There are 2 protein chains.
Amino acid sequence: MEGVNIIAPQSGAAFEMDKGDTLTVIDPLGKQVSDMVLFNRADKKERISSGKTMDFEETILLTKGNFLWSNRSQKMMEIKEDSNGRNDFLLAPCSPETFKIMYNNPSYHPSCLENLYKNLMRYDIEIDEIPTAFNIFMNVQFDATGKLKVLPPTSKQGDLIRFKAEMDLIVGLTACSAEDSNGGYFKPINFIVTNHEGIIKDITKNFQ
Amino acid sequence: MEGVNIIAPQSGAAFEMDKGDTLTVIDPLGKQVSDMVLFNRADKKERISSGKTMDFEETILLTKGNFLWSNRSQKMMEIKEDSNGRNDFLLAPCSPETFKIMYNNPSYHPSCLENLYKNLMRYDIEIDEIPTAFNIFMNVQFDATGKLKVLPPTSKQGDLIRFKAEMDLIVGLTACSAEDSNGGYFKPINFIVTNHEGIIKDITKNFQ
């Protein structure tokens, strides 16, 4: 479909949005997580903050109607639609060390942190500046004791989440590389950006 | 008592620790939160990460036996003792905007973010680099729907938490300034740093 950008399995993308644009992230096959980070395009020291978002929204679980906030207490995005309804904002993007420490895998493994960094570096964003991502479709369960368990996503083929940009943004987005987060196999993530009139924007870049 | 450093109500402190040192944070009067942030003294781009910590420790609620991890997946501290047992790592430090947005208070109000920044600036740490803090004694309750409620701390007079440094650190520490987090009134926080032989270190600085 025209205007649909495809993030290949275990890879990522970075692109720009204008205030008022809409980003639609689609899970084309189901059970696939997508990590998203946001930076203020006018000043990249302002970025998405899990701590500010959970504080202002007063919830761990963000869905339709909630806003994503920055470290400077500004609204960055609003969630306008969320057909699956389960996302995570607790856990940091999987990184090379995740696979060494949690999976006991000493060899090279693709990761969201690396895929975010590889795509965001053309915006002069350093790896240490990549914050905890908003983990679309990620199914992290918790109980009253706080114990966390990562389960396969509940998202089905074609499930989508729609965000409206509240400021000019740089967006980093992945098709997550962690076995346990994605039901054991890796799938693509699709996304579309439309402007305030609903017209699809061409944001073709060399995604990595 | 000799070697006890006092953070006045609604203020903060910053100081250095060597690997192997122990930090003891005491709630001298009870029901008082203390926000703590950590930076690698050798490279301040490495800092405490709520997302990495909850990922590696597989829990929202950190207490004795848990480690605090950095954005580079390194252990920064181990919690060796925790007489109260309830801390928070979900919510960002209260900031000037917290009081405008959550408390509907348009006038000046002291905040943890400002108190961390005022003390950390002598280490060339910028306000945008201050991450979500480990909120000692903070009592944030959540239910299965993820909804968050900030209740008064359960800490009593003399409750303490003890951390061992796993690397050379710069530490920012506050006596929290938010009404709802502290049972409605503001108290001091005491702390002691000892070296690996248990000898108290003199870390006197001009705390603000």
# chains A, B, ... in the order shown; residues from 1 in each chain; ligands from 1
>>> interface_residues(of="chain A", to="chain B", cutoff="6 Å", atoms="only C-alpha atoms", output="list in words")
Gly51, Lys52, Asp55, Glu58, Thr59, Ile60, Leu61, Leu90, Leu91, Ala92, Thr132, Gly146, Lys147 and Leu148 of chain A
>>> residues_around(residues="Ser111 in chain B", least_positions_apart="4", cutoff="12 Å", atoms="only C-alpha atoms", output="list in words")
Pro9, Gln10, Ser11, Gly12, Ser34, Asp35, Ala92, Pro93, Cys94, Ser95, Pro96, Glu97, Thr98, Phe99, Lys100, Asn115, Leu116, Tyr117, Lys118, Thr174, Ala175, Cys176, Ser177, Ala178, Glu179, Ser181, Phe186 and Gln208 of chain B
>>> closest_residue(among="A:Ile6, A:Leu169, A:Leu120, A:Val193", to="Asp18 in chain A", atoms="only C-alpha atoms")
A:Leu169
>>> select_by_dssp(residues="range 70-104 of chain A", states="alpha helix (DSSP H)", output="list in words")
Pro96, Glu97, Thr98, Phe99, Lys100 and Ile101 of chain A
>>> residues_around(residues="Thr22 in chain B", least_positions_apart="4", cutoff="10 Å", atoms="only C-alpha atoms", output="PDB file with C-alpha atoms, in the first residue's frame")
ATOM      1  CA  MET B  17      31.565   7.999  46.383  1.00  0.00           C
ATOM      2  CA  ASP B  18      34.319   5.505  45.614  1.00  0.00           C
ATOM      3  CA  MET B  77      24.790   0.182  43.476  1.00  0.00           C
ATOM      4  CA  GLU B  78      23.536  -2.774  45.481  1.00  0.00           C
ATOM      5  CA  ILE B  79      20.839  -2.343  48.125  1.00  0.00           C
ATOM      6  CA  LYS B  80      22.350  -4.019  51.191  1.00  0.00           C
ATOM      7  CA  ARG B 162      21.984   1.173  52.780  1.00  0.00           C
ATOM      8  CA  PHE B 163      23.662   1.070  49.349  1.00  0.00           C
ATOM      9  CA  LYS B 164      27.075  -0.228  48.310  1.00  0.00           C
ATOM     10  CA  ALA B 165      28.715   1.550  45.368  1.00  0.00           C
ATOM     11  CA  GLU B 166      29.655  -0.772  42.512  1.00  0.00           C
ATOM     12  CA  ILE B 192      26.316   8.896  56.014  1.00  0.00           C
ATOM     13  CA  VAL B 193      29.065   7.684  53.667  1.00  0.00           C
ATOM     14  CA  THR B 194      31.544   5.090  54.932  1.00  0.00           C
ATOM     15  CA  ASN B 195      34.503   3.547  53.122  1.00  0.00           C
ATOM     16  CA  HIS B 196      35.068  -0.179  52.608  1.00  0.00           C
ATOM     17  CA  GLU B 197      36.556  -0.423  56.121  1.00  0.00           C
ATOM     18  CA  GLY B 198      33.447   1.145  57.658  1.00  0.00           C
ATOM     19  CA  ILE B 199      35.194   4.426  58.446  1.00  0.00           C
ATOM     20  CA  ILE B 200      32.987   7.498  58.074  1.00  0.00           C
ATOM     21  CA  LYS B 201      34.033   9.814  55.252  1.00  0.00           C
TER      22      LYS B 201
END
>>> closest_residue(among="A:Met36, A:Ala14, A:Val25, A:Leu68", to="Met167 in chain A", atoms="only C-alpha atoms")
A:Leu68
>>> select_by_dssp(residues="chain A", states="strand (DSSP E)", output="number ranges by chain")
A: 5-7, 12-17, 22-27, 34-40, 67-69, 75-82, 134-136, 139-142, 148-151, 159-165, 169-174, 189-194
>>> atom_distance(atom1="CA of Val37 in chain A", atom2="CA of Asp159 in chain A")
19.9 Å
